[in-house]
Amino acid sequence: MEPEVVRAEMVLAPTLPFKKVQTADKYPKGQSRGRQWKHLRHLLQAADASSMPPDRPNYLNIQSSPSIYPPKRYCDVTGFEDIKADSYASELNISMQAPYVDPRTKLRYADPEVFKQIRMLPDEYVQRYLALRNAAVILR
Amino acid sequence: MSSVTRPRREADFARFPSSTPIVIDNGASTFRIGWAGETEPRAAFRNVVQRPRHRSTGETVSIVGDTDPALMKYFDCTRSAVRSPFDDDVVYQFEYMEYILDYGFDRLGANSEVGHPILMTECECNPSFSRARMAELLFETYGVPSIAFGIDNAFSYKYNQKLGNCGEDGLAISCEHGTCHVVPFLKGQPVLGACCRTNVGGFHITDFLRQLLSLKYPYHTANFTWEKAEELKKEHCYIALDYMSELQIFKNNKEEAEEKTRYWQLPWVPPPKEEPPSEEELARKAALKEKAGQRLREMAAAKRSQKIVELEKQLSYLEELMDQLDEADESEATAILSRSGYLSQQEIKSAISKATQSLRKAKGETNGNEEKAEVSAADKYPLVSVPDEELTPDQLKEKKKQILLKTTTEGKLRAKQKRAEEEALREKLEEQRRAENPELYLEELRARYSELSEKFEQRKRQKVNGGQTNGNHGSSGGVGRGERLNAAQKERMRLLASAAFDRGKGEDTFGMRDEDWLVYNKMSKDNDDDGNDDDESELVRIASKLQEIDPTFVSKSEAVQLTPEPPKVRPLTAEDYRIAIGIERFRCPEVLFQPGMIGIDQAGIDEMVSISLRRLMEDESVKQRLCQSILVTGGSSLFPGMIPRLESGIRQYRPYRSPLKLVRAADPIIDAWRGAAAFAASSKFAKQTFSLADYREHGENLFHRYNIVYSL
């Protein structure tokens with residue numbers, strides 16, 4: 001090990017005095033362990049149903065419900081809402097008509113200039129903008 | 001850049017009696033560990049692990065926490081990403097949890113078994129499998145005698161209650177790394193049934209910022225690391241009091257938007273500017289060029305004279321040979337011939353004539369090209385001038401051939417001359433026209449250019465038919481449909497299909513006639529019609545003329561090519577290296593209030609308060625009491641403008657003019673640990689823990705009902 005790495009104490013020592021079972025023994029080298037760990041949602045699904053009576057709070061119960069307000073639509077590229085919004089409407093916090101959606105790429109835009117930019121974007125960027133909104137097309 | 005500090009190893013582990021609990025705040029962003037009763041955690045580091053490969057030894061090592069980029073060059077990080085044991089706010093990857101606990105205990109100074117009770121924080125309603133595995137890990141790997149689990153937000157609330165910031169009944173709004181929670185407290189205890197959680201947090205804000213910036217500045221994607229984005233977020237992001245009006249400011253009002261925009265200048269070295277060379281420079285360069293040219297010419301002349309000398313030598317040798325042959329008789333002649341390598345006299349004669357030709361050519365170059373042309377013409381067509389009667393039949397054929405050659409070359413020369421004359425004439429005319437009326441001339445040229453380019457474009461479009469736009473079809477259906485709609489394309493498809501059609505029995509007579517192969521011409525996509533050539537050449541000519549005289553002219557072809565590529569093909573200037581963070585400053589933290597912006601279909605934190613109060617199912621007086629002591633805690637609540645916005649948001653859901661009081665926690669980041677340490681130091685702590693024996697007895701069922709009682 002290089003001296004400065006040792007001095008910085010970056011690396012975890014392979015054996016530690018306070019452990020009863022060392023990591024190397026517990027997770028032997030060579031086995032791919034990435035797939036052993038199930039994702040949280042699988043674990044939650046697999047959790048025992050009998051242990052979770054409906055009246056008691058559990059992890060899934062306390063999740064908040066979807067918002068009762070309709071989602072505001074913002075332009076994907078610039079973040080603005082709408083061209084014509086005037087101050088009266090914004091004071092009342094009414095959302096004016098939603099901005100337009102490009103039928104080919106499904107991106108939202110607020111201005112004709114932004115539309116030109118959108119049409120010039122290569123496909124990869126289109127998918128990335130949509131992924132920001134969780135609306136990308138995922139092919140599995 | 002930020003300096004990365006890693007915690008030191010504490011040395012006083014042995015000083016603490018084995019009844020002193022160790023307090024661990026196991027958060028999704030940071031892991032804090034320390035002793036009960038103290039005010040600051042002993043070690044705090046980012047709750048992440050990476051497992052790179054050490055370059056020189058080749059072994060895979062584990063590194064916990066933030067790393068110094070200077071030292072990371074010793075490690076190969078291509079196959080190791082930064083991993084966290086958390087998913088949202090639940091621990092599910094216990095291998096990484098083990099590495100982190102290793103490091104935590106190590107920093108605390110443990111050198112023998114960790115024989116202290118442990119108080120560990122968790123999220124609200126932590127699933128029992130997570131608790132069970134954590135307990136298993138602590139008991140069996142570290143030899144811990146007893147454990148207690150508590151909710152971090154509750155500890156923070158109790159700590160602030162002691163400080164007087166909030167009352168016994170109240171509400172805790174906590175914005176953490178992966179989630180946001182709203183927990184109501186009644187009689188000092190959290191009401192878990194009325195708790196509310198949304199899965200957006202500081203992590204999502206940073207990620208949103210990072211994606212937006214790297215999409216806006218695709219050239220600098222490498223600079224937008226997650227750590228850098230986090231830094232930018234902490235320094236520059238704020239929460240707008242009224243999101244809509246902030247948007248309007250940025251859209252309409254230039255000066256105010258400018259004030260609010262922050263710029264980050266990346267290092268940029270301008271390319272060395274070339275100054276226009278001065279007079280002496282030019283003169284010097286010209287002189288150098290002259291000298292170089294002179295040198296070249298001398299060398300060429302030397303080479304040529306050398307070649308002449310050689311040729312003359314060869315010629316003389318050959319002529320000598322001829323003389324020898326003429327003089328000698330049969331047998332000697334054959335001997336001489338075999339020695340010299342030529343098969344017959346004819347060969348020698350032809351060699352001689354060739355040598356003389358090349359000699360004359362070499363000499364002729366020094367005299368000028370016209371002579372050479374004449375000489376070579378005379379040489380090439382020797383038989384033409386000779387009258388027919390004197391020639392043999394072979395020579396007649398030769399003569400015919402030579403006549404043909406001569407006429408064709410002369411015709412070509414004449415055509416070239418005529419074209420040159422025409423060009424010259426046209427040029428003169430145009431110059432005249434230009435001299436008379438430059439503006440009109442320019443207009444005419446421009447009109448002609450646009451006309452021609454239109455025609456050109458149309459023809460190209462017809463042939464290719466949206467090949468450019470087809471590239472952007474991508475996600476929408478009907479890929480390939482665009483290719484078949486055009487009439488020309490239909491024809492092409494028909495030809496292809498008929499050509500590929502296998503007629504089965506009977507001979508395939510394709511190719512018997514020469515005209516059959518012309519079908520391929522029609523099928524090919526890049527077929528250039530003959531008619532295009534003239535137009536094309538005229539287009540090019542006009543373009544070049546326009547470029548000379550018109551300063552504002554931009555060739556259409558250049559403009560067209562830009563469309564499918566990503567923008568900014570021109571050379572980058574300092575402007576491009578300046579990252580502007582304007583609207584993102586308040587757009588990113590807005591995700592906390594409108595998770596729909598990133599596609600998460602849940603309520604924002606102001607609405608969560610109303611959901612939580614509704615779930616509480618108490619009457620109005622209780623709700624009012626709760627709303628008068630609202631605590632805002634958690635690392636992600638440190639954005640400037642959070643409290644006023646929360647207040648205005650919550651007020652929307654409360655009756656008109658009901659009292660609201662929001663207080664920020666004394667230290668939103670460390671208060672959870674402090675509260676936990678205070679709790680662990682109290683006398684009631686020992687009753688709240690469970691030991692290995694309890695765990696063995698009840699197993700996982702222990703956790704279904706396990707909840708500690710929070711005391712001040």
# chains A, B, ... in the order shown; residues from 1 in each chain; ligands from 1
call {"tool": "select_by_dssp", "arguments": {"residues": "range 133-240 of chain B", "states": "alpha helix (DSSP H)", "output": "ChimeraX atom specification"}}
result
/B:133-142,152-163,202-216,226-236
call {"tool": "interface_residues", "arguments": {"of": "chain A", "to": "chain B", "cutoff": "6 Å", "atoms": "only C-alpha atoms", "output": "PyMOL selection string"}}
result
chain A and resi 11-12+17-21+57-59+62-67+132-134
call {"tool": "write_last_selection", "arguments": {"atoms": "N, CA and C atoms", "output": "PDB file, in the first residue's frame"}}
result
ATOM      1  N   VAL A  11      -8.589   2.679   3.866  1.00  0.00           N
ATOM      2  CA  VAL A  11      -9.064   1.355   3.534  1.00  0.00           C
ATOM      3  C   VAL A  11      -9.425   0.611   4.809  1.00  0.00           C
ATOM      4  N   LEU A  12     -10.496  -0.133   4.724  1.00  0.00           N
ATOM      5  CA  LEU A  12     -10.933  -0.908   5.873  1.00  0.00           C
ATOM      6  C   LEU A  12     -10.007  -2.108   6.032  1.00  0.00           C
ATOM      7  N   PRO A  17     -10.367  -6.313  15.339  1.00  0.00           N
ATOM      8  CA  PRO A  17     -10.287  -7.031  16.619  1.00  0.00           C
ATOM      9  C   PRO A  17     -11.623  -7.208  17.328  1.00  0.00           C
ATOM     10  N   PHE A  18     -12.576  -6.322  17.045  1.00  0.00           N
ATOM     11  CA  PHE A  18     -13.799  -6.401  17.824  1.00  0.00           C
ATOM     12  C   PHE A  18     -14.884  -7.248  17.159  1.00  0.00           C
ATOM     13  N   LYS A  19     -14.529  -7.901  16.092  1.00  0.00           N
ATOM     14  CA  LYS A  19     -15.565  -8.661  15.404  1.00  0.00           C
ATOM     15  C   LYS A  19     -15.447 -10.137  15.741  1.00  0.00           C
ATOM     16  N   LYS A  20     -16.579 -10.757  15.930  1.00  0.00           N
ATOM     17  CA  LYS A  20     -16.559 -12.187  16.211  1.00  0.00           C
ATOM     18  C   LYS A  20     -16.382 -12.973  14.920  1.00  0.00           C
ATOM     19  N   VAL A  21     -17.046 -12.520  13.887  1.00  0.00           N
ATOM     20  CA  VAL A  21     -16.924 -13.193  12.593  1.00  0.00           C
ATOM     21  C   VAL A  21     -16.416 -12.160  11.616  1.00  0.00           C
ATOM     22  N   PRO A  57     -49.977   0.555  12.223  1.00  0.00           N
ATOM     23  CA  PRO A  57     -49.197   1.207  11.170  1.00  0.00           C
ATOM     24  C   PRO A  57     -47.985   0.358  10.787  1.00  0.00           C
ATOM     25  N   ASN A  58     -47.747   0.200   9.547  1.00  0.00           N
ATOM     26  CA  ASN A  58     -46.505  -0.418   9.121  1.00  0.00           C
ATOM     27  C   ASN A  58     -45.917   0.442   8.011  1.00  0.00           C
ATOM     28  N   TYR A  59     -44.834  -0.022   7.468  1.00  0.00           N
ATOM     29  CA  TYR A  59     -44.090   0.827   6.538  1.00  0.00           C
ATOM     30  C   TYR A  59     -44.944   1.272   5.357  1.00  0.00           C
ATOM     31  N   ILE A  62     -48.072   4.019   6.068  1.00  0.00           N
ATOM     32  CA  ILE A  62     -47.906   5.440   6.353  1.00  0.00           C
ATOM     33  C   ILE A  62     -47.441   6.210   5.126  1.00  0.00           C
ATOM     34  N   GLN A  63     -47.360   5.575   4.003  1.00  0.00           N
ATOM     35  CA  GLN A  63     -46.964   6.298   2.805  1.00  0.00           C
ATOM     36  C   GLN A  63     -48.043   7.311   2.452  1.00  0.00           C
ATOM     37  N   SER A  64     -47.635   8.465   1.961  1.00  0.00           N
ATOM     38  CA  SER A  64     -48.651   9.483   1.689  1.00  0.00           C
ATOM     39  C   SER A  64     -49.360   9.167   0.379  1.00  0.00           C
ATOM     40  N   SER A  65     -50.608   9.602   0.335  1.00  0.00           N
ATOM     41  CA  SER A  65     -51.429   9.324  -0.825  1.00  0.00           C
ATOM     42  C   SER A  65     -51.068  10.299  -1.948  1.00  0.00           C
ATOM     43  N   PRO A  66     -51.525  10.027  -3.143  1.00  0.00           N
ATOM     44  CA  PRO A  66     -51.271  10.986  -4.218  1.00  0.00           C
ATOM     45  C   PRO A  66     -51.935  12.316  -3.911  1.00  0.00           C
ATOM     46  N   SER A  67     -51.355  13.331  -4.465  1.00  0.00           N
ATOM     47  CA  SER A  67     -51.839  14.674  -4.176  1.00  0.00           C
ATOM     48  C   SER A  67     -53.240  14.854  -4.738  1.00  0.00           C
ATOM     49  N   LEU A 132     -36.513  12.455 -16.580  1.00  0.00           N
ATOM     50  CA  LEU A 132     -36.608  13.361 -15.435  1.00  0.00           C
ATOM     51  C   LEU A 132     -37.996  13.351 -14.862  1.00  0.00           C
ATOM     52  N   ARG A 133     -38.961  13.176 -15.765  1.00  0.00           N
ATOM     53  CA  ARG A 133     -40.352  13.204 -15.343  1.00  0.00           C
ATOM     54  C   ARG A 133     -40.892  11.809 -15.139  1.00  0.00           C
ATOM     55  N   ASN A 134     -39.992  10.830 -15.228  1.00  0.00           N
ATOM     56  CA  ASN A 134     -40.396   9.435 -15.077  1.00  0.00           C
ATOM     57  C   ASN A 134     -41.319   9.001 -16.204  1.00  0.00           C
TER      58      ASN A 134
END
call {"tool": "atom_distance", "arguments": {"atom1": "CA of Leu646 in chain B", "atom2": "CA of Phe155 in chain B"}}
result
22.0 Å
call {"tool": "residues_around", "arguments": {"residues": "Tyr695 in chain B", "least_positions_apart": "5", "cutoff": "9 Å", "atoms": "only C-alpha atoms", "output": "list in words"}}
result
Ala132, Ala135, Glu136, Phe690, Glu700, Asn701 and Leu702 of chain B
call {"tool": "residues_around", "arguments": {"residues": "Ala580 in chain B", "least_positions_apart": "5", "cutoff": "9 Å", "atoms": "only C-alpha atoms", "output": "list in words"}}
result
Leu213, Thr261, Arg262, Tyr263, Trp264 and Gln265 of chain B
call {"tool": "write_last_selection", "arguments": {"atoms": "N, CA, C and O atoms", "output": "PDB file, in the first residue's frame"}}
result
ATOM      1  N   LEU B 213     -28.523  20.131 -15.303  1.00  0.00           N
ATOM      2  CA  LEU B 213     -27.313  20.800 -15.749  1.00  0.00           C
ATOM      3  C   LEU B 213     -26.609  20.017 -16.833  1.00  0.00           C
ATOM      4  O   LEU B 213     -26.104  20.588 -17.795  1.00  0.00           O
ATOM      5  N   THR B 261     -29.364  34.963 -10.932  1.00  0.00           N
ATOM      6  CA  THR B 261     -28.634  33.872 -11.552  1.00  0.00           C
ATOM      7  C   THR B 261     -27.212  33.844 -11.046  1.00  0.00           C
ATOM      8  O   THR B 261     -26.574  34.872 -10.902  1.00  0.00           O
ATOM      9  N   ARG B 262     -26.741  32.627 -10.801  1.00  0.00           N
ATOM     10  CA  ARG B 262     -25.362  32.487 -10.361  1.00  0.00           C
ATOM     11  C   ARG B 262     -24.578  31.818 -11.475  1.00  0.00           C
ATOM     12  O   ARG B 262     -25.084  30.947 -12.164  1.00  0.00           O
ATOM     13  N   TYR B 263     -23.342  32.237 -11.606  1.00  0.00           N
ATOM     14  CA  TYR B 263     -22.521  31.668 -12.667  1.00  0.00           C
ATOM     15  C   TYR B 263     -21.355  30.913 -12.091  1.00  0.00           C
ATOM     16  O   TYR B 263     -20.734  31.323 -11.123  1.00  0.00           O
ATOM     17  N   TRP B 264     -21.073  29.816 -12.709  1.00  0.00           N
ATOM     18  CA  TRP B 264     -19.930  29.013 -12.310  1.00  0.00           C
ATOM     19  C   TRP B 264     -19.007  28.951 -13.506  1.00  0.00           C
ATOM     20  O   TRP B 264     -19.375  28.427 -14.547  1.00  0.00           O
ATOM     21  N   GLN B 265     -17.819  29.484 -13.333  1.00  0.00           N
ATOM     22  CA  GLN B 265     -16.893  29.536 -14.456  1.00  0.00           C
ATOM     23  C   GLN B 265     -15.950  28.352 -14.366  1.00  0.00           C
ATOM     24  O   GLN B 265     -15.236  28.184 -13.395  1.00  0.00           O
TER      25      GLN B 265
END
call {"tool": "atom_distance", "arguments": {"atom1": "CA of Lys26 in chain A", "atom2": "CA of Ser84 in chain B"}}
result
19.2 Å
call {"tool": "residues_around", "arguments": {"residues": "Glu81 in chain A", "least_positions_apart": "5", "cutoff": "7 Å", "atoms": "only C-alpha atoms", "output": "JSON, numbers by chain"}}
result
{"A": [73, 74, 75, 99, 110]}
call {"tool": "closest_residue", "arguments": {"among": "B:Ala665, B:Met299, B:Val183, B:Ile708", "to": "Thr633 in chain B", "atoms": "only C-alpha atoms"}}
result
B:Ala665
call {"tool": "atom_distance", "arguments": {"atom1": "CA of Gln127 in chain A", "atom2": "CA of Ser29 in chain B"}}
result
29.0 Å
call {"tool": "closest_residue", "arguments": {"among": "B:Arg492, B:Ser80, B:Arg585, B:Thr30", "to": "Phe639 in chain B", "atoms": "only C-alpha atoms"}}
result
B:Arg585
